[in-house]
>>> print(open('input.cif').read())   # mmCIF, C-alpha atoms and all ligand atoms
data_start
#
loop_
_atom_site.label_atom_id
_atom_site.label_comp_id
_atom_site.auth_asym_id
_atom_site.auth_seq_id
_atom_site.Cartn_x
_atom_site.Cartn_y
_atom_site.Cartn_z
CA MET A 15 27.81 143.98 35.74
CA SER A 16 26.14 145.31 32.63
CA PHE A 17 27.77 146.89 29.62
CA ASP A 18 26.39 149.11 26.98
CA GLY A 19 27.25 148.33 23.34
CA LYS A 20 30.29 150.61 23.30
CA SER A 21 31.82 149.01 26.42
CA ARG A 22 31.20 145.52 25.04
CA ALA A 23 33.00 146.46 21.84
CA ARG A 24 35.94 147.93 23.78
CA TRP A 25 36.32 144.86 25.99
CA LEU A 26 35.99 142.57 22.98
CA LEU A 27 38.79 144.51 21.30
CA VAL A 28 41.02 144.16 24.38
CA PHE A 29 40.25 140.44 24.60
CA LEU A 30 41.04 139.87 20.93
CA SER A 31 44.28 141.85 21.25
CA VAL A 32 45.42 139.63 24.12
CA VAL A 33 44.48 136.49 22.17
CA PHE A 34 46.35 137.80 19.13
CA LEU A 35 49.45 138.66 21.19
CA PHE A 36 49.68 135.16 22.65
CA ALA A 37 48.83 133.49 19.34
CA SER A 38 51.51 135.45 17.50
CA ARG A 39 54.13 134.56 20.12
CA ALA A 40 53.11 130.91 19.92
CA ALA A 41 53.30 131.02 16.14
CA VAL A 42 57.07 131.59 16.15
CA GLY A 43 57.45 128.54 18.32
CA VAL A 44 59.20 129.95 21.34
CA GLY A 45 59.05 133.00 23.57
CA LEU A 46 56.00 132.23 25.68
CA PRO A 47 56.31 133.15 29.34
CA GLN A 48 58.30 130.41 31.01
CA SER A 49 57.49 128.78 34.31
CA THR A 50 60.93 127.19 34.40
CA PRO A 51 64.24 129.04 34.58
CA PRO A 52 66.36 129.37 31.43
CA THR A 53 68.34 126.26 30.50
CA LYS A 54 72.01 126.72 31.37
CA ILE A 55 74.07 125.91 28.30
CA ILE A 56 77.74 125.26 27.61
CA PHE A 57 78.39 125.31 23.86
CA ASP A 58 81.38 123.19 22.81
CA THR A 59 82.23 123.80 19.16
CA ASP A 60 84.79 123.31 16.38
CA ILE A 61 83.76 126.68 14.98
CA GLY A 62 85.69 127.60 11.86
CA ASN A 63 85.27 124.34 9.99
CA ASP A 64 81.69 124.12 8.72
CA VAL A 65 79.43 127.15 9.06
CA ASP A 66 76.62 125.38 10.91
CA ASP A 67 78.41 126.06 14.21
CA VAL A 68 77.99 129.79 13.53
CA LEU A 69 74.27 129.51 12.87
CA ALA A 70 73.91 127.28 15.95
CA LEU A 71 75.52 130.00 18.07
CA SER A 72 73.08 132.53 16.60
CA VAL A 73 70.20 130.19 17.52
CA LEU A 74 71.44 129.95 21.11
CA HIS A 75 71.76 133.73 21.39
CA ALA A 76 68.19 134.18 20.14
CA LEU A 77 66.96 131.62 22.67
CA GLU A 78 68.80 133.52 25.40
CA THR A 79 67.17 136.74 24.24
CA ARG A 80 63.84 134.93 24.66
CA HIS A 81 64.88 133.93 28.20
CA GLU A 82 64.85 130.24 27.29
CA CYS A 83 68.53 129.60 27.87
CA ARG A 84 71.66 131.19 29.29
CA LEU A 85 75.07 130.68 27.72
CA LEU A 86 77.47 129.93 30.56
CA ALA A 87 80.49 129.47 28.30
CA VAL A 88 81.68 128.57 24.83
CA THR A 89 84.52 126.06 24.62
CA ILE A 90 86.36 125.52 21.36
CA THR A 91 87.96 122.37 19.90
CA LYS A 92 89.26 123.76 16.62
CA PRO A 93 92.89 124.72 17.19
CA ASP A 94 92.75 127.95 15.21
CA ALA A 95 94.16 131.25 16.46
CA LEU A 96 91.06 133.10 15.25
CA ALA A 97 88.37 130.71 16.56
CA GLY A 98 88.29 132.42 19.97
CA PRO A 99 88.24 135.97 18.57
CA PHE A 100 85.46 134.98 16.14
CA VAL A 101 83.30 133.56 18.95
CA ASN A 102 84.00 136.67 21.01
CA ALA A 103 82.96 138.80 18.01
CA MET A 104 79.72 136.82 17.66
CA ASN A 105 78.97 137.17 21.36
CA THR A 106 79.73 140.90 21.17
CA PHE A 107 77.44 141.25 18.14
CA TYR A 108 74.63 139.75 20.24
CA GLY A 109 75.41 142.06 23.14
CA ARG A 110 77.09 139.45 25.37
CA PRO A 111 80.85 140.07 25.10
CA GLN A 112 81.41 138.78 28.63
CA ILE A 113 80.54 135.12 27.95
CA PRO A 114 83.61 133.09 28.95
CA ILE A 115 85.51 131.35 26.15
CA GLY A 116 87.76 128.32 26.56
CA PHE A 117 90.28 127.09 24.01
CA THR A 118 91.49 123.56 23.34
CA HIS A 119 94.93 122.34 24.26
CA SER A 120 94.49 119.11 22.30
CA HIS A 121 97.14 120.10 19.73
CA LEU A 122 95.26 118.46 16.87
CA PRO A 123 96.19 119.53 13.33
CA ASN A 124 94.27 122.53 12.04
CA THR A 125 92.56 122.93 8.70
CA PRO A 126 92.47 126.55 7.48
CA SER A 127 89.06 128.14 7.94
CA LYS A 128 87.17 129.88 5.17
CA PHE A 129 85.58 132.47 7.44
CA LEU A 130 87.36 132.94 10.78
CA LEU A 131 89.34 135.72 9.12
CA LEU A 132 86.22 137.84 9.60
CA ALA A 133 87.43 138.37 13.17
CA ASP A 134 90.35 140.41 11.83
CA VAL A 135 88.57 142.33 9.05
CA ARG A 136 88.74 146.10 9.41
CA ASP A 137 86.72 148.75 7.60
CA HIS A 138 88.55 152.08 7.50
CA GLY A 139 90.81 150.88 10.30
CA VAL A 140 87.96 149.76 12.61
CA LEU A 141 87.12 146.13 13.38
CA ARG A 142 84.02 145.19 11.40
CA PHE A 143 82.98 142.85 14.23
CA PRO A 144 84.37 144.29 17.47
CA HIS A 145 85.81 141.95 20.09
CA HIS A 146 88.34 142.08 22.89
CA LEU A 147 89.91 138.59 22.61
CA ARG A 148 92.91 139.02 20.31
CA ARG A 149 93.94 135.39 19.81
CA SER A 150 92.53 132.02 20.90
CA SER A 151 95.62 131.39 23.00
CA ASP A 152 94.66 134.39 25.15
CA ALA A 153 91.57 132.46 26.34
CA PRO A 154 91.69 130.04 29.28
CA GLU A 155 92.24 126.38 28.57
CA ALA A 156 88.90 124.72 27.78
CA VAL A 157 88.98 121.90 30.37
CA HIS A 158 90.07 124.37 33.04
CA LEU A 159 87.11 126.60 32.14
CA LEU A 160 84.67 123.67 32.01
CA ARG A 161 85.69 122.68 35.54
CA LYS A 162 85.49 126.25 36.80
CA ILE A 163 82.00 126.79 35.34
CA LEU A 164 80.57 123.41 36.33
CA ALA A 165 81.83 123.64 39.90
CA THR A 166 79.73 126.74 40.58
CA GLN A 167 76.45 125.39 39.18
CA SER A 168 73.68 123.65 41.06
CA ASP A 169 73.48 119.88 40.70
CA LYS A 170 72.05 118.39 37.47
CA SER A 171 71.42 121.83 36.02
CA VAL A 172 73.75 122.22 33.03
CA VAL A 173 73.15 121.11 29.45
CA ILE A 174 76.27 120.74 27.30
CA VAL A 175 75.84 121.12 23.55
CA GLN A 176 78.78 119.49 21.81
CA VAL A 177 78.91 120.07 18.06
CA GLY A 178 82.55 119.43 17.20
CA TYR A 179 85.38 117.13 18.21
CA PHE A 180 85.20 115.21 21.49
CA SER A 181 88.57 116.52 22.75
CA ASN A 182 87.37 118.93 25.44
CA LEU A 183 84.83 116.59 27.04
CA ALA A 184 87.32 113.71 27.00
CA GLY A 185 89.77 116.07 28.72
CA LEU A 186 87.12 116.92 31.29
CA LEU A 187 86.54 113.22 32.02
CA SER A 188 90.28 112.73 32.63
CA SER A 189 90.70 115.82 34.79
CA ARG A 190 91.54 115.63 38.47
CA GLY A 191 90.35 117.63 41.46
CA ASP A 192 91.65 121.20 41.53
CA GLU A 193 91.06 124.58 43.12
CA PHE A 194 87.48 124.60 41.77
CA SER A 195 86.33 121.18 42.94
CA PRO A 196 87.85 118.15 44.65
CA LEU A 197 85.89 115.93 42.27
CA GLY A 198 87.48 114.22 39.30
CA GLY A 199 86.06 115.21 35.92
CA ARG A 200 83.72 112.26 35.52
CA GLU A 201 82.26 112.78 38.99
CA LEU A 202 81.97 116.54 38.39
CA ALA A 203 80.05 115.97 35.14
CA ALA A 204 77.82 113.37 36.82
CA ARG A 205 77.06 115.85 39.61
CA LYS A 206 76.43 119.00 37.56
CA VAL A 207 75.33 118.02 34.05
CA LYS A 208 71.72 117.22 33.23
CA LEU A 209 72.13 116.31 29.56
CA LEU A 210 74.72 116.13 26.81
CA SER A 211 73.20 117.08 23.45
CA VAL A 212 75.72 116.05 20.85
CA MET A 213 75.90 116.31 17.07
CA ALA A 214 77.87 113.23 16.12
CA GLY A 215 77.54 109.78 14.65
CA ALA A 216 75.02 108.35 12.22
CA PHE A 217 72.18 106.05 13.17
CA ARG A 218 69.98 105.78 10.11
CA MET A 219 72.46 106.12 7.26
CA PRO A 220 72.97 103.36 4.70
CA GLY A 221 76.33 101.63 4.44
CA HIS A 222 79.38 101.99 6.64
CA PHE A 223 79.11 105.71 7.41
CA LEU A 224 81.97 107.31 9.38
CA GLU A 225 80.83 110.68 10.72
CA TYR A 226 83.18 113.70 10.71
CA ASN A 227 82.94 114.84 14.36
CA VAL A 228 83.64 111.33 15.62
CA MET A 229 86.65 110.88 13.34
CA GLN A 230 88.58 114.10 14.12
CA ASP A 231 89.79 112.96 17.56
CA LEU A 232 88.80 109.30 17.58
CA PRO A 233 90.43 108.34 20.91
CA ALA A 234 88.54 111.20 22.57
CA SER A 235 85.27 110.18 20.90
CA LYS A 236 85.65 106.63 22.16
CA LYS A 237 86.43 107.81 25.66
CA VAL A 238 83.36 110.04 25.88
CA ALA A 239 81.07 107.38 24.38
CA ARG A 240 82.42 104.84 26.87
CA ASP A 241 82.65 106.92 30.06
CA TRP A 242 80.26 109.88 29.91
CA PRO A 243 78.08 109.66 33.03
CA THR A 244 74.85 111.51 32.12
CA PRO A 245 72.07 111.02 29.56
CA ILE A 246 73.18 111.77 25.99
CA VAL A 247 70.96 112.66 23.04
CA TRP A 248 72.75 112.20 19.72
CA SER A 249 71.81 114.15 16.61
CA GLY A 250 73.13 111.85 13.93
CA TYR A 251 74.34 112.97 10.52
CA GLU A 252 70.98 112.13 8.98
CA ILE A 253 69.06 114.65 11.12
CA GLY A 254 70.82 117.87 10.13
CA ASN A 255 71.28 116.58 6.62
CA ALA A 256 67.49 116.44 6.24
CA VAL A 257 67.05 120.10 7.25
CA ARG A 258 68.59 122.56 4.81
CA PHE A 259 69.00 126.21 5.76
CA PRO A 260 67.16 128.22 3.08
CA ALA A 261 69.50 130.26 0.86
CA MET A 262 66.74 132.85 0.58
CA SER A 263 66.95 133.44 4.32
CA ILE A 264 70.70 134.16 4.10
CA GLU A 265 70.02 136.61 1.28
CA ARG A 266 67.11 138.44 2.91
CA ASP A 267 66.70 137.88 6.65
CA PHE A 268 70.10 139.06 7.90
CA SER A 269 70.16 142.43 6.18
CA TYR A 270 68.90 144.33 9.23
CA VAL A 271 72.55 145.33 9.70
CA PRO A 272 75.12 146.24 7.02
CA HIS A 273 77.38 143.38 8.19
CA HIS A 274 76.08 140.24 9.89
CA PRO A 275 78.77 137.79 11.08
CA ALA A 276 76.65 134.68 10.47
CA ALA A 277 75.53 135.68 6.98
CA GLU A 278 79.04 136.76 5.96
CA ALA A 279 80.53 133.54 7.34
CA TYR A 280 77.93 131.57 5.40
CA CYS A 281 78.76 133.36 2.16
CA LEU A 282 82.50 132.84 2.63
CA TYR A 283 81.95 129.14 3.39
CA ASP A 284 79.57 128.32 0.53
CA PRO A 285 77.34 131.15 -0.69
CA PRO A 286 73.70 130.96 -1.80
CA PRO A 287 72.12 129.30 -3.68
CA HIS A 288 73.83 126.59 -1.61
CA GLU A 289 71.60 125.42 1.26
CA ARG A 290 73.71 124.15 4.11
CA PRO A 291 72.58 121.22 6.29
CA CYS A 292 71.57 122.27 9.80
CA TRP A 293 73.57 119.65 11.73
CA ASP A 294 74.76 121.67 14.74
CA LEU A 295 71.60 123.77 14.90
CA THR A 296 69.50 120.68 15.63
CA SER A 297 71.53 119.80 18.73
CA ALA A 298 71.20 123.38 19.98
CA LEU A 299 67.43 123.47 19.37
CA TYR A 300 66.84 120.13 21.09
CA ALA A 301 69.02 121.10 24.06
CA VAL A 302 66.92 124.16 24.88
CA CYS A 303 63.49 123.02 23.63
CA PRO A 304 63.34 119.25 24.24
CA GLY A 305 59.64 119.26 24.99
CA ARG A 306 58.38 121.10 21.92
CA GLY A 307 58.00 118.10 19.64
CA TYR A 308 60.53 119.31 17.09
CA PHE A 309 62.08 115.83 17.06
CA GLY A 310 61.23 112.28 18.01
CA LEU A 311 63.50 110.16 20.18
CA SER A 312 64.71 106.61 19.85
CA ALA A 313 64.18 104.08 22.59
CA PRO A 314 66.90 104.21 25.26
CA GLY A 315 70.07 102.32 24.49
CA ARG A 316 73.82 102.54 24.24
CA VAL A 317 76.04 104.12 21.59
CA THR A 318 79.38 102.47 21.06
CA ILE A 319 82.16 103.59 18.74
CA GLU A 320 83.94 100.81 16.92
CA THR A 321 87.66 100.66 16.13
CA ASP A 322 87.34 102.50 12.81
CA GLY A 323 84.94 105.15 14.18
CA LEU A 324 81.60 103.62 13.21
CA THR A 325 78.85 104.55 15.68
CA ARG A 326 76.52 101.74 16.64
CA PHE A 327 73.33 102.00 18.70
CA THR A 328 72.03 99.07 20.69
CA THR A 329 68.65 99.23 22.40
CA GLU A 330 68.95 98.72 26.12
CA PRO A 331 66.20 99.31 28.72
CA GLY A 332 67.18 102.27 30.89
CA GLY A 333 70.17 102.97 28.65
CA ARG A 334 72.09 106.25 28.80
CA ASP A 335 71.71 107.19 25.12
CA ARG A 336 68.97 108.13 22.70
CA TYR A 337 69.18 109.54 19.20
CA LEU A 338 66.99 112.09 17.45
CA ILE A 339 64.42 110.99 14.91
CA LEU A 340 62.93 113.41 12.39
CA SER A 341 59.73 112.63 10.47
CA LYS A 342 58.96 114.24 7.12
CA ALA A 343 56.20 116.21 8.81
CA GLN A 344 58.63 117.64 11.38
CA ILE A 345 61.22 118.89 8.87
CA PRO A 346 59.47 122.13 7.78
CA ARG A 347 58.66 123.04 11.39
CA VAL A 348 62.27 122.57 12.51
CA ARG A 349 63.55 124.52 9.49
CA GLU A 350 61.19 127.42 10.16
CA ALA A 351 62.10 127.56 13.85
CA LEU A 352 65.82 127.57 13.00
CA VAL A 353 65.40 130.31 10.39
CA GLN A 354 63.43 132.49 12.81
CA LEU A 355 65.96 131.99 15.59
CA ALA A 356 69.18 132.25 13.56
CA SER A 357 68.05 135.48 11.90
CA GLU A 358 66.55 137.11 15.00
CA PRO A 359 68.19 140.51 15.62
CA PRO A 360 70.14 140.98 18.83
CA CYS A 361 68.24 142.46 21.73
CA ARG A 362 70.52 145.29 22.78
CA PRO A 363 69.64 147.52 25.70
CA CA B 1 80.61 121.71 14.18
#
>>> encode(input="input.cif", output="structure tokens", more="lines below")
Ligand SMILES: [Ca+2]
Amino acid sequence: MSFDGKSRARWLLVFLSVVFLFASRAAVGVGLPQSTPPTKIIFDTDIGNDVDDVLALSVLHALETRHECRLLAVTITKPDALAGPFVNAMNTFYGRPQIPIGFTHSHLPNTPSKFLLLADVRDHGVLRFPHHLRRSSDAPEAVHLLRKILATQSDKSVVIVQVGYFSNLAGLLSSRGDEFSPLGGRELAARKVKLLSVMAGAFRMPGHFLEYNVMQDLPASKKVARDWPTPIVWSGYEIGNAVRFPAMSIERDFSYVPHHPAAEAYCLYDPPPHERPCWDLTSALYAVCPGRGYFGLSAPGRVTIETDGLTRFTTEPGGRDRYLILSKAQIPRVREALVQLASEPPCRP
């Protein structure tokens, strides 16, 4: 086939446009056409304590918008009456009010939240962040919901992202067969879960470092570390601590709406110029994008939790556990991906 000069120029323009389209999608790190189905995620969170849980939930919603994951459920370990409504408000903001929410029955003491009150804020009598769940206690019990969701999934297909206390997953391990599955909780997890991506512990911190998520329900933490039956990737304290969410992003990137739940929660928790560590966001990013080179991984081994809550990693060939490693060169790339994802506007029909 021969082309005159005009046709050549037109085809060159089309070719360059296609190259630019794919290059621009690649530049933001995610969003390329996927040959694999979206990763099925259960997000288990102590939302209402630190604000990184909120940004992590925004990251997961953006990844779902990009067809990279699907949120099957959000289960909550913070025993706060407004934790469920706040999650429901976030999910509604992102156009997914139907995502099931489970609430803890662990009866742990509650610390007042700095930002969950946003769920009840009204402007001129109208909820600023609409939601249908009135109180956390109106949601199903978390272990009950975990069993219900897991039982209907195909084998080895679910990734659980745990970024708070260990209470719900310990409860799952102890659960018995029910109307959803005859399997006990440990067997059900072994059958259905592909990976547990957990923000907890510390593996490269100096001194005797006792990490918050491990300490809040220590018996539960020990149980999960001892008995969990699938691979676990741990994002230790040092990983999120090395990636700070830019204050400038909070100030500028969320203003596409008059009120953004993540940005307002951030400002109520600790406003700019504070730059919050990205602890929980790293576990969410790894869970959905494990093959993108955002993080390195330790050799396989075993995490044990000592009497006082210290996490210890021992290398062991074929071991169940690995922990994330973050080089200096990886930090800006992870930070940029998290900023792009956390601040991505909802994709509403
Ligand atoms: Ca958390």
>>> closest_residue(input="input.cif", among="A:Pro331, A:Pro287, A:Pro275, A:Gly254", to="Phe309 in chain A", atoms="only C-alpha atoms")
A:Gly254
>>> residues_near_point(input="input.cif", point="(68.6, 117.6, 24.5)", cutoff="12 Å", atoms="all atoms listed in the file", output="VMD selection string")
chain A and resid 53 to 55 172 to 176 207 to 213 244 to 249 295 to 311 335 to 338
>>> atom_distance(input="input.cif", atom1="CA of Glu289 in chain A", atom2="CA of Lys342 in chain A")
17.9 Å
>>> axis_aligned_box(input="input.cif", around="range 55-61 of chain A", padding_each_side="4 Å", output="JSON")
{"center_x": 79.4, "center_y": 124.9, "center_z": 21.6, "size_x": 18.7, "size_y": 11.5, "size_z": 21.3}
>>> closest_residue(input="input.cif", among="A:Leu132, A:Val88, A:Leu164, A:Leu122", to="Glu278 in chain A", atoms="only C-alpha atoms")
A:Leu132
>>> residues_near_ligand(input="input.cif", ligand="ligand CA 1 (chain B)", cutoff="7 Å", atoms="all atoms listed in the file", output="JSON, numbers by chain")
{"A": [59, 60, 61, 63, 64, 66, 67, 177, 178, 294]}
>>> residues_around(input="input.cif", residues="Asn255 in chain A", least_positions_apart="2", cutoff="9 Å", atoms="all atoms listed in the file", output="MDAnalysis selection string")
chainID A and resid 250:253 257:258 290:293
>>> write_last_selection(input="input.cif", atoms="C-alpha atoms", output="short mmCIF file (atom, residue, chain, number, x, y, z; two decimals), in the frame of the given file")
data_model
loop_
_atom_site.label_atom_id
_atom_site.label_comp_id
_atom_site.auth_asym_id
_atom_site.auth_seq_id
_atom_site.Cartn_x
_atom_site.Cartn_y
_atom_site.Cartn_z
CA GLY A 250 73.13 111.85 13.93
CA TYR A 251 74.34 112.97 10.52
CA GLU A 252 70.98 112.13 8.98
CA ILE A 253 69.06 114.65 11.12
CA VAL A 257 67.05 120.10 7.25
CA ARG A 258 68.59 122.56 4.81
CA ARG A 290 73.71 124.15 4.11
CA PRO A 291 72.58 121.22 6.29
CA CYS A 292 71.57 122.27 9.80
CA TRP A 293 73.57 119.65 11.73
#
>>> residues_near_point(input="input.cif", point="(73.3, 131.6, 30.7)", cutoff="9 Å", atoms="all atoms listed in the file", output="PyMOL selection string")
chain A and resi 52-56+78+83-87+113
>>> closest_atom_pairs(input="input.cif", of="range 29-148 of chain A", to="range 185-198 of chain A", cutoff="10 Å", atoms="all atoms listed in the file", output="JSON lines")
{"residue": "A:Thr118", "atom": "CA", "partner": "A:Gly185", "partner_atom": "CA", "distance": 9.4}
{"residue": "A:His119", "atom": "CA", "partner": "A:Gly185", "partner_atom": "CA", "distance": 9.3}
{"residue": "A:Ser120", "atom": "CA", "partner": "A:Gly185", "partner_atom": "CA", "distance": 8.5}
>>> write_last_selection(input="input.cif", atoms="C-alpha atoms", output="PDB file, in the coordinates of the input")
ATOM      1  CA  THR A 118      91.490 123.560  23.340  1.00  0.00           C
ATOM      2  CA  HIS A 119      94.930 122.340  24.260  1.00  0.00           C
ATOM      3  CA  SER A 120      94.490 119.110  22.300  1.00  0.00           C
TER       4      SER A 120
END
>>> residues_around(input="input.cif", residues="Arg205 in chain A", least_positions_apart="5", cutoff="9 Å", atoms="only C-alpha atoms", output="MDAnalysis selection string")
chainID A and resid 164 168:171 200 244
>>> closest_residue(input="input.cif", among="A:Arg218, A:Lys128, A:Lys162, A:Arg347", to="Pro285 in chain A", atoms="all atoms listed in the file")
A:Lys128
>>> atom_distance(input="input.cif", atom1="CA of Thr79 in chain A", atom2="CA of Leu355 in chain A")
9.9 Å
>>> atom_distance(input="input.cif", atom1="CA of Ala133 in chain A", atom2="CA of Val68 in chain A")
12.8 Å
>>> decode(input="input.cif", residues="range 205-225 of chain A", atoms="N, CA and C atoms", output="compact mmCIF listing (two decimals), in the first residue's frame")
# COMPACT_ATOMS: atom_id res chain seq x y z
N ARG A 205 -8.85 -22.03 52.66
CA ARG A 205 -9.50 -22.39 51.39
C ARG A 205 -9.67 -21.17 50.48
N LYS A 206 -10.08 -20.03 51.05
CA LYS A 206 -10.53 -18.91 50.23
C LYS A 206 -9.53 -17.77 50.08
N VAL A 207 -8.63 -17.61 51.04
CA VAL A 207 -7.75 -16.43 51.04
C VAL A 207 -6.45 -16.74 50.31
N LYS A 208 -6.05 -15.77 49.47
CA LYS A 208 -4.79 -15.91 48.73
C LYS A 208 -3.63 -15.29 49.50
N LEU A 209 -3.92 -14.14 50.13
CA LEU A 209 -2.86 -13.38 50.80
C LEU A 209 -3.47 -12.52 51.90
N LEU A 210 -2.74 -12.38 52.98
CA LEU A 210 -3.06 -11.39 54.01
C LEU A 210 -1.98 -10.32 53.96
N SER A 211 -2.39 -9.09 53.61
CA SER A 211 -1.47 -7.95 53.57
C SER A 211 -1.74 -7.12 54.81
N VAL A 212 -0.80 -7.10 55.73
CA VAL A 212 -1.09 -6.54 57.04
C VAL A 212 -0.10 -5.43 57.40
N MET A 213 -0.66 -4.32 57.90
CA MET A 213 0.19 -3.26 58.45
C MET A 213 0.31 -3.51 59.95
N ALA A 214 1.45 -4.01 60.34
CA ALA A 214 1.67 -4.30 61.77
C ALA A 214 3.12 -4.70 61.97
N GLY A 215 3.57 -4.52 63.19
CA GLY A 215 4.91 -4.95 63.55
C GLY A 215 5.98 -3.95 63.12
N ALA A 216 7.21 -4.32 63.38
CA ALA A 216 8.37 -3.51 63.00
C ALA A 216 9.53 -4.48 62.81
N PHE A 217 10.20 -4.34 61.68
CA PHE A 217 11.22 -5.34 61.34
C PHE A 217 12.59 -4.74 61.10
N ARG A 218 12.64 -3.42 60.96
CA ARG A 218 13.94 -2.77 60.77
C ARG A 218 13.99 -1.49 61.60
N MET A 219 13.42 -1.55 62.79
CA MET A 219 13.46 -0.40 63.70
C MET A 219 14.50 -0.66 64.78
N PRO A 220 15.23 0.37 65.17
CA PRO A 220 16.20 0.18 66.26
C PRO A 220 15.49 -0.01 67.60
N GLY A 221 16.17 -0.67 68.51
CA GLY A 221 15.64 -0.80 69.87
C GLY A 221 14.51 -1.80 69.97
N HIS A 222 13.81 -1.72 71.09
CA HIS A 222 12.74 -2.67 71.42
C HIS A 222 11.42 -2.01 71.05
N PHE A 223 11.04 -2.05 69.78
CA PHE A 223 9.92 -1.26 69.28
C PHE A 223 8.62 -2.06 69.31
N LEU A 224 7.66 -1.58 70.09
CA LEU A 224 6.35 -2.24 70.20
C LEU A 224 5.37 -1.48 69.33
N GLU A 225 4.85 -2.13 68.29
CA GLU A 225 4.04 -1.43 67.29
C GLU A 225 2.57 -1.38 67.72
